[in-house]
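Engineer: My structure is stored as target_7.csv, with CSV, C-alpha atoms.
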chain,number,residue,atom,x,y,z
A,1,MET,CA,0.0,0.0,0.0
A,2,PRO,CA,1.5,3.4,-1.0
A,3,LYS,CA,2.1,6.1,1.5
A,4,GLN,CA,-0.5,8.9,1.4
A,5,ASP,CA,0.8,12.4,1.3
A,6,ILE,CA,-0.5,14.7,4.0
A,7,MET,CA,-1.1,17.5,1.6
A,8,ALA,CA,-2.8,15.2,-0.9
A,9,ARG,CA,-5.8,16.6,-2.7
A,10,PRO,CA,-8.9,16.0,-0.7
A,11,ARG,CA,-11.8,14.1,-2.4
A,12,CYS,CA,-14.4,16.9,-1.8
A,13,GLY,CA,-12.9,19.0,-4.5
A,14,LEU,CA,-10.0,21.4,-5.1
A,15,ALA,CA,-12.1,24.6,-4.6
A,16,ILE,CA,-13.2,23.7,-1.1
A,17,PHE,CA,-9.6,22.8,-0.2
A,18,TYR,CA,-8.3,26.1,-1.4
A,19,LEU,CA,-11.1,28.0,0.2
A,20,SER,CA,-10.4,26.4,3.6
A,21,GLU,CA,-6.7,27.3,3.2
A,22,ILE,CA,-7.5,30.9,2.4
A,23,LEU,CA,-9.9,31.1,5.4
A,24,TYR,CA,-7.3,29.5,7.7
A,25,ASN,CA,-4.6,32.0,6.6
A,26,ILE,CA,-7.0,35.0,7.1
A,27,ILE,CA,-8.0,33.8,10.6
A,28,MET,CA,-4.4,33.2,11.6
A,29,SER,CA,-3.2,36.5,10.3
A,30,ILE,CA,-6.0,38.3,12.2
A,31,ILE,CA,-5.0,36.5,15.4
A,32,VAL,CA,-1.4,37.4,15.0
A,33,ILE,CA,-2.2,41.0,14.2
A,34,PHE,CA,-4.4,41.2,17.3
A,35,TRP,CA,-1.7,39.8,19.6
A,36,ARG,CA,0.9,42.2,18.2
A,37,TRP,CA,-1.4,45.1,18.7
A,38,TYR,CA,-2.6,44.1,22.1
A,39,TYR,CA,0.8,43.5,23.6
A,40,GLY,CA,2.6,46.2,21.5
A,41,ARG,CA,0.9,49.4,20.7
A,42,ALA,CA,-2.1,49.0,23.1
A,43,VAL,CA,0.3,48.5,26.1
A,44,LYS,CA,2.0,51.8,25.3
A,45,ASP,CA,-1.4,53.5,25.0
A,46,VAL,CA,-2.6,52.1,28.3
A,47,LEU,CA,0.6,53.3,30.0
A,48,ALA,CA,0.3,56.8,28.4
A,49,GLY,CA,-3.3,57.0,29.6
A,50,TRP,CA,-2.3,56.0,33.1
A,51,ARG,CA,0.4,58.7,33.0
A,52,ASN,CA,-2.2,61.3,31.8
A,53,PHE,CA,-4.4,60.4,34.8
A,54,VAL,CA,-1.6,60.9,37.2
A,55,ILE,CA,-0.6,64.2,35.7
A,56,PHE,CA,-4.3,65.3,35.7
A,57,VAL,CA,-4.6,64.6,39.5
A,58,SER,CA,-1.4,66.4,40.2
A,59,GLU,CA,-2.4,69.4,38.2
A,60,TYR,CA,-6.0,69.4,39.5
A,61,PHE,CA,-4.9,69.6,43.1
A,62,SER,CA,-2.0,71.9,42.2
A,63,ILE,CA,0.3,70.0,44.5
A,64,PRO,CA,3.6,71.5,43.4
A,65,LEU,CA,2.2,75.1,43.5
A,66,LEU,CA,0.6,74.5,46.9
A,67,PHE,CA,3.9,73.3,48.3
A,68,LYS,CA,5.5,76.5,47.0
A,69,THR,CA,2.9,78.8,48.6
A,70,LEU,CA,2.2,76.7,51.7
A,71,PHE,CA,2.8,79.6,54.2
A,72,SER,CA,1.3,82.4,52.0
A,73,PRO,CA,-1.7,84.3,53.4
A,74,TRP,CA,-5.1,82.9,52.5
A,75,LYS,CA,-6.3,84.5,49.2
A,76,ARG,CA,-3.5,87.1,49.7
A,77,ASP,CA,-5.6,88.7,52.3
A,78,ILE,CA,-3.3,90.9,54.4
A,79,THR,CA,-3.3,94.3,56.0
A,80,LYS,CA,-0.8,97.0,55.5
A,81,ARG,CA,1.7,97.7,58.2
A,82,PRO,CA,0.5,100.6,60.2
A,83,ARG,CA,2.6,103.8,60.5
A,84,GLY,CA,3.9,105.0,63.7
A,85,LEU,CA,4.3,103.2,67.0
A,86,ASP,CA,0.7,102.4,67.9
A,87,PHE,CA,1.0,99.0,69.6
A,88,LYS,CA,-2.7,98.2,69.3
A,89,LYS,CA,-2.7,98.6,65.5
A,90,LEU,CA,0.7,96.8,65.3
A,91,PHE,CA,-0.8,93.9,67.3
A,92,GLU,CA,-3.9,93.8,65.1
A,93,TYR,CA,-1.7,93.8,62.0
A,94,LEU,CA,0.4,90.9,63.2
A,95,THR,CA,-2.5,89.0,64.5
A,96,TYR,CA,-4.6,89.3,61.4
A,97,ASN,CA,-1.7,88.4,59.1
A,98,LEU,CA,-0.7,85.4,61.2
A,99,ILE,CA,-4.3,84.2,61.2
A,100,SER,CA,-4.5,84.7,57.5
A,101,ARG,CA,-1.3,82.7,57.0
A,102,GLY,CA,-2.5,80.0,59.4
A,103,VAL,CA,-5.8,79.6,57.5
A,104,GLY,CA,-3.9,79.5,54.3
A,105,PHE,CA,-1.5,76.9,55.7
A,106,PHE,CA,-4.4,74.7,56.9
A,107,VAL,CA,-6.4,74.8,53.7
A,108,ARG,CA,-3.4,74.2,51.5
A,109,PHE,CA,-2.1,71.4,53.8
A,110,VAL,CA,-5.5,69.6,53.7
A,111,THR,CA,-5.7,70.1,49.9
A,112,ILE,CA,-2.2,68.6,49.5
A,113,LEU,CA,-3.1,65.6,51.7
A,114,VAL,CA,-6.3,65.0,49.7
A,115,GLY,CA,-4.4,65.4,46.5
A,116,ILE,CA,-1.7,62.9,47.6
A,117,ILE,CA,-4.4,60.4,48.6
A,118,PHE,CA,-6.1,60.7,45.2
A,119,LEU,CA,-2.7,60.5,43.5
A,120,LEU,CA,-2.0,57.2,45.3
A,121,LEU,CA,-5.5,55.9,44.5
A,122,THR,CA,-4.9,56.8,40.8
A,123,ALA,CA,-1.5,55.0,40.8
A,124,VAL,CA,-2.9,51.9,42.5
A,125,ALA,CA,-6.0,51.8,40.2
A,126,GLY,CA,-3.7,52.3,37.2
A,127,ALA,CA,-1.4,49.5,38.3
A,128,VAL,CA,-4.4,47.1,38.8
A,129,PHE,CA,-5.9,48.1,35.4
A,130,PHE,CA,-2.6,47.5,33.7
A,131,ILE,CA,-2.1,44.1,35.3
A,132,VAL,CA,-5.7,43.1,34.4
A,133,TRP,CA,-5.1,44.4,30.8
A,134,LEU,CA,-2.0,42.2,30.4
A,135,VAL,CA,-3.6,39.0,31.8
A,136,LEU,CA,-7.2,39.3,30.5
A,137,PRO,CA,-6.7,37.8,27.1
A,138,LEU,CA,-5.0,34.8,28.7
A,139,ILE,CA,-7.8,34.4,31.2
A,140,ILE,CA,-10.4,34.5,28.4
A,141,LEU,CA,-8.4,32.0,26.3
A,142,GLY,CA,-8.1,29.7,29.4
A,143,LEU,CA,-11.8,29.9,30.1
A,144,PHE,CA,-12.6,29.2,26.5
A,145,VAL,CA,-10.4,26.1,26.5
A,146,MET,CA,-11.8,25.0,29.8
A,147,ALA,CA,-15.4,25.4,28.5
A,148,ILE,CA,-14.5,23.3,25.4
A,149,ILE,CA,-13.0,20.6,27.7
A,150,LEU,CA,-16.1,20.6,29.9
A,151,ILE,CA,-18.4,20.3,26.9
A,152,PHE,CA,-16.6,17.3,25.5
What do you get writing this file as structure tokens?
Structural biologist:
Amino acid sequence: MPKQDIMARPRCGLAIFYLSEILYNIIMSIIVIFWRWYYGRAVKDVLAGWRNFVIFVSEYFSIPLLFKTLFSPWKRDITKRPRGLDFKKLFEYLTYNLISRGVGFFVRFVTILVGIIFLLLTAVAGAVFFIVWLVLPLIILGLFVMAIILIF
């Protein structure tokens, strides 16, 4: 009995054989293109989006600017230094300016703390999303294979 060639022409006809080859090549190229995009360009885009969120939170709360102006008066609300040697007006001037700086410090400090908390939450959420992004296709593929195994 002669050996049969694996690539021997099928009995159902040459047209169906070539059509199945073409469909197979198209499907395989789509799968390869998807994986290249998903773990290539899309990963870069996800990281760029995560970076944009971190920059947005930092700019929204103005954390660098608030650190620079931490001890500035609240809303630049100060009184002018009185002329002369009137101790009552000098005491009012010092008290009012110190209270204004204290309120400014408190409000800016609380805003910085809230901004840092949101910055940390954004960083953690971005890291979790990135890890899920990397693993999700493998999980879906594993679940698909498991479903096929359970069916048969």
Engineer: Each residue of range 82-134 of chain A lying at most 12 Å from range 48-52 of chain A should get a row with its shortest atom-to-atom pair and the distance in Å to one decimal, counting only C-alpha atoms; could you produce that, ordered by chain and increasing number, as a tab-separated table?
Structural biologist:
residue	atom	partner	partner_atom	distance
A:Leu119	CA	A:Arg51	CA	11.1
A:Leu121	CA	A:Trp50	CA	11.8
A:Thr122	CA	A:Trp50	CA	8.2
A:Ala123	CA	A:Trp50	CA	7.8
A:Val124	CA	A:Trp50	CA	10.3
A:Ala125	CA	A:Trp50	CA	9.0
A:Gly126	CA	A:Trp50	CA	5.7
A:Ala127	CA	A:Trp50	CA	8.4
A:Val128	CA	A:Trp50	CA	10.8
A:Phe129	CA	A:Trp50	CA	9.0
A:Phe130	CA	A:Trp50	CA	8.5
Engineer: Rank A:Ile99, A:Ile30, A:Ile112, A:Val46 by their smallest atom-to-atom distance to Leu70 in chain A, using only C-alpha atoms, and report the top residue only.
Structural biologist: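 That would be A:Ile112, the residue with the smallest distance to Leu70 in chain A.
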Engineer: Between range 4-97 of chain A and range 138-150 of chain A, at 12 Å or less, what are the per-residue closest atom pairs and their distances in Å? Count all atoms listed in the file, order by chain and rising residue number, and return it as a Markdown table.
Structural biologist:
| residue | atom | partner | partner_atom | distance |
| --- | --- | --- | --- | --- |
| A:Trp35 | CA | A:Leu138 | CA | 10.9 |
| A:Tyr38 | CA | A:Leu138 | CA | 11.7 |
| A:Tyr39 | CA | A:Leu138 | CA | 11.6 |
Engineer: Which residues of range 12-71 of chain A have any atom within 9 Å of an atom in range 102-108 of chain A when counting all atoms listed in the file, and what is the closest pair of atoms for each, with the distance in Å to one decimal? Order the rows by chain and rising number and write it as JSON lines.
Structural biologist:
{"residue": "A:Ile63", "atom": "CA", "partner": "A:Arg108", "partner_atom": "CA", "distance": 9.0}
{"residue": "A:Leu66", "atom": "CA", "partner": "A:Arg108", "partner_atom": "CA", "distance": 6.1}
{"residue": "A:Phe67", "atom": "CA", "partner": "A:Arg108", "partner_atom": "CA", "distance": 8.0}
{"residue": "A:Thr69", "atom": "CA", "partner": "A:Arg108", "partner_atom": "CA", "distance": 8.3}
{"residue": "A:Leu70", "atom": "CA", "partner": "A:Phe105", "partner_atom": "CA", "distance": 5.5}
{"residue": "A:Phe71", "atom": "CA", "partner": "A:Phe105", "partner_atom": "CA", "distance": 5.3}
Engineer: Can you work out the spacing between CA of Leu47 in chain A and CA of Val135 in chain A in Å, to one decimal?
Structural biologist: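 These two atoms are separated by 15.0 Å.
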Engineer: Using the partial input, fill out range 124-147 of chain A with N, CA and C atoms; write the result as a PDB file, in the coordinates of the input.
Structural biologist:
ATOM      1  N   VAL A 124      -2.526  53.272  42.176  1.00  0.00           N
ATOM      2  CA  VAL A 124      -2.900  51.900  42.500  1.00  0.00           C
ATOM      3  C   VAL A 124      -3.943  51.392  41.460  1.00  0.00           C
ATOM      4  N   ALA A 125      -4.951  52.212  41.179  1.00  0.00           N
ATOM      5  CA  ALA A 125      -6.000  51.800  40.200  1.00  0.00           C
ATOM      6  C   ALA A 125      -5.354  51.599  38.825  1.00  0.00           C
ATOM      7  N   GLY A 126      -4.412  52.449  38.447  1.00  0.00           N
ATOM      8  CA  GLY A 126      -3.700  52.300  37.200  1.00  0.00           C
ATOM      9  C   GLY A 126      -2.911  51.005  37.111  1.00  0.00           C
ATOM     10  N   ALA A 127      -2.228  50.681  38.211  1.00  0.00           N
ATOM     11  CA  ALA A 127      -1.400  49.500  38.300  1.00  0.00           C
ATOM     12  C   ALA A 127      -2.336  48.218  38.154  1.00  0.00           C
ATOM     13  N   VAL A 128      -3.453  48.234  38.882  1.00  0.00           N
ATOM     14  CA  VAL A 128      -4.400  47.100  38.800  1.00  0.00           C
ATOM     15  C   VAL A 128      -4.965  46.981  37.413  1.00  0.00           C
ATOM     16  N   PHE A 129      -5.358  48.098  36.810  1.00  0.00           N
ATOM     17  CA  PHE A 129      -5.900  48.100  35.400  1.00  0.00           C
ATOM     18  C   PHE A 129      -4.859  47.524  34.468  1.00  0.00           C
ATOM     19  N   PHE A 130      -3.605  47.951  34.616  1.00  0.00           N
ATOM     20  CA  PHE A 130      -2.600  47.500  33.700  1.00  0.00           C
ATOM     21  C   PHE A 130      -2.313  46.000  33.833  1.00  0.00           C
ATOM     22  N   ILE A 131      -2.289  45.491  35.055  1.00  0.00           N
ATOM     23  CA  ILE A 131      -2.100  44.100  35.300  1.00  0.00           C
ATOM     24  C   ILE A 131      -3.274  43.271  34.689  1.00  0.00           C
ATOM     25  N   VAL A 132      -4.496  43.755  34.929  1.00  0.00           N
ATOM     26  CA  VAL A 132      -5.700  43.100  34.400  1.00  0.00           C
ATOM     27  C   VAL A 132      -5.616  43.148  32.839  1.00  0.00           C
ATOM     28  N   TRP A 133      -5.184  44.268  32.290  1.00  0.00           N
ATOM     29  CA  TRP A 133      -5.100  44.400  30.800  1.00  0.00           C
ATOM     30  C   TRP A 133      -4.112  43.372  30.263  1.00  0.00           C
ATOM     31  N   LEU A 134      -2.999  43.134  30.942  1.00  0.00           N
ATOM     32  CA  LEU A 134      -2.000  42.200  30.400  1.00  0.00           C
ATOM     33  C   LEU A 134      -2.516  40.728  30.537  1.00  0.00           C
ATOM     34  N   VAL A 135      -3.267  40.411  31.568  1.00  0.00           N
ATOM     35  CA  VAL A 135      -3.600  39.000  31.800  1.00  0.00           C
ATOM     36  C   VAL A 135      -4.999  38.661  31.248  1.00  0.00           C
ATOM     37  N   LEU A 136      -5.845  39.614  30.973  1.00  0.00           N
ATOM     38  CA  LEU A 136      -7.200  39.300  30.500  1.00  0.00           C
ATOM     39  C   LEU A 136      -7.333  38.436  29.308  1.00  0.00           C
ATOM     40  N   PRO A 137      -6.587  38.661  28.238  1.00  0.00           N
ATOM     41  CA  PRO A 137      -6.700  37.800  27.100  1.00  0.00           C
ATOM     42  C   PRO A 137      -6.358  36.317  27.434  1.00  0.00           C
ATOM     43  N   LEU A 138      -5.363  36.152  28.293  1.00  0.00           N
ATOM     44  CA  LEU A 138      -5.000  34.800  28.700  1.00  0.00           C
ATOM     45  C   LEU A 138      -6.060  34.148  29.529  1.00  0.00           C
ATOM     46  N   ILE A 139      -6.695  34.922  30.392  1.00  0.00           N
ATOM     47  CA  ILE A 139      -7.800  34.400  31.200  1.00  0.00           C
ATOM     48  C   ILE A 139      -8.961  33.990  30.300  1.00  0.00           C
ATOM     49  N   ILE A 140      -9.295  34.849  29.343  1.00  0.00           N
ATOM     50  CA  ILE A 140     -10.400  34.500  28.400  1.00  0.00           C
ATOM     51  C   ILE A 140     -10.081  33.297  27.601  1.00  0.00           C
ATOM     52  N   LEU A 141      -8.853  33.191  27.115  1.00  0.00           N
ATOM     53  CA  LEU A 141      -8.400  32.000  26.300  1.00  0.00           C
ATOM     54  C   LEU A 141      -8.497  30.758  27.211  1.00  0.00           C
ATOM     55  N   GLY A 142      -8.032  30.855  28.445  1.00  0.00           N
ATOM     56  CA  GLY A 142      -8.100  29.700  29.400  1.00  0.00           C
ATOM     57  C   GLY A 142      -9.507  29.294  29.665  1.00  0.00           C
ATOM     58  N   LEU A 143     -10.393  30.273  29.879  1.00  0.00           N
ATOM     59  CA  LEU A 143     -11.800  29.900  30.100  1.00  0.00           C
ATOM     60  C   LEU A 143     -12.453  29.303  28.908  1.00  0.00           C
ATOM     61  N   PHE A 144     -12.079  29.760  27.731  1.00  0.00           N
ATOM     62  CA  PHE A 144     -12.600  29.200  26.500  1.00  0.00           C
ATOM     63  C   PHE A 144     -12.178  27.733  26.346  1.00  0.00           C
ATOM     64  N   VAL A 145     -10.893  27.473  26.589  1.00  0.00           N
ATOM     65  CA  VAL A 145     -10.400  26.100  26.500  1.00  0.00           C
ATOM     66  C   VAL A 145     -11.039  25.227  27.551  1.00  0.00           C
ATOM     67  N   MET A 146     -11.199  25.748  28.767  1.00  0.00           N
ATOM     68  CA  MET A 146     -11.800  25.000  29.800  1.00  0.00           C
ATOM     69  C   MET A 146     -13.293  24.672  29.485  1.00  0.00           C
ATOM     70  N   ALA A 147     -13.993  25.624  28.868  1.00  0.00           N
ATOM     71  CA  ALA A 147     -15.400  25.400  28.500  1.00  0.00           C
ATOM     72  C   ALA A 147     -15.464  24.290  27.403  1.00  0.00           C
TER      73      ALA A 147
END
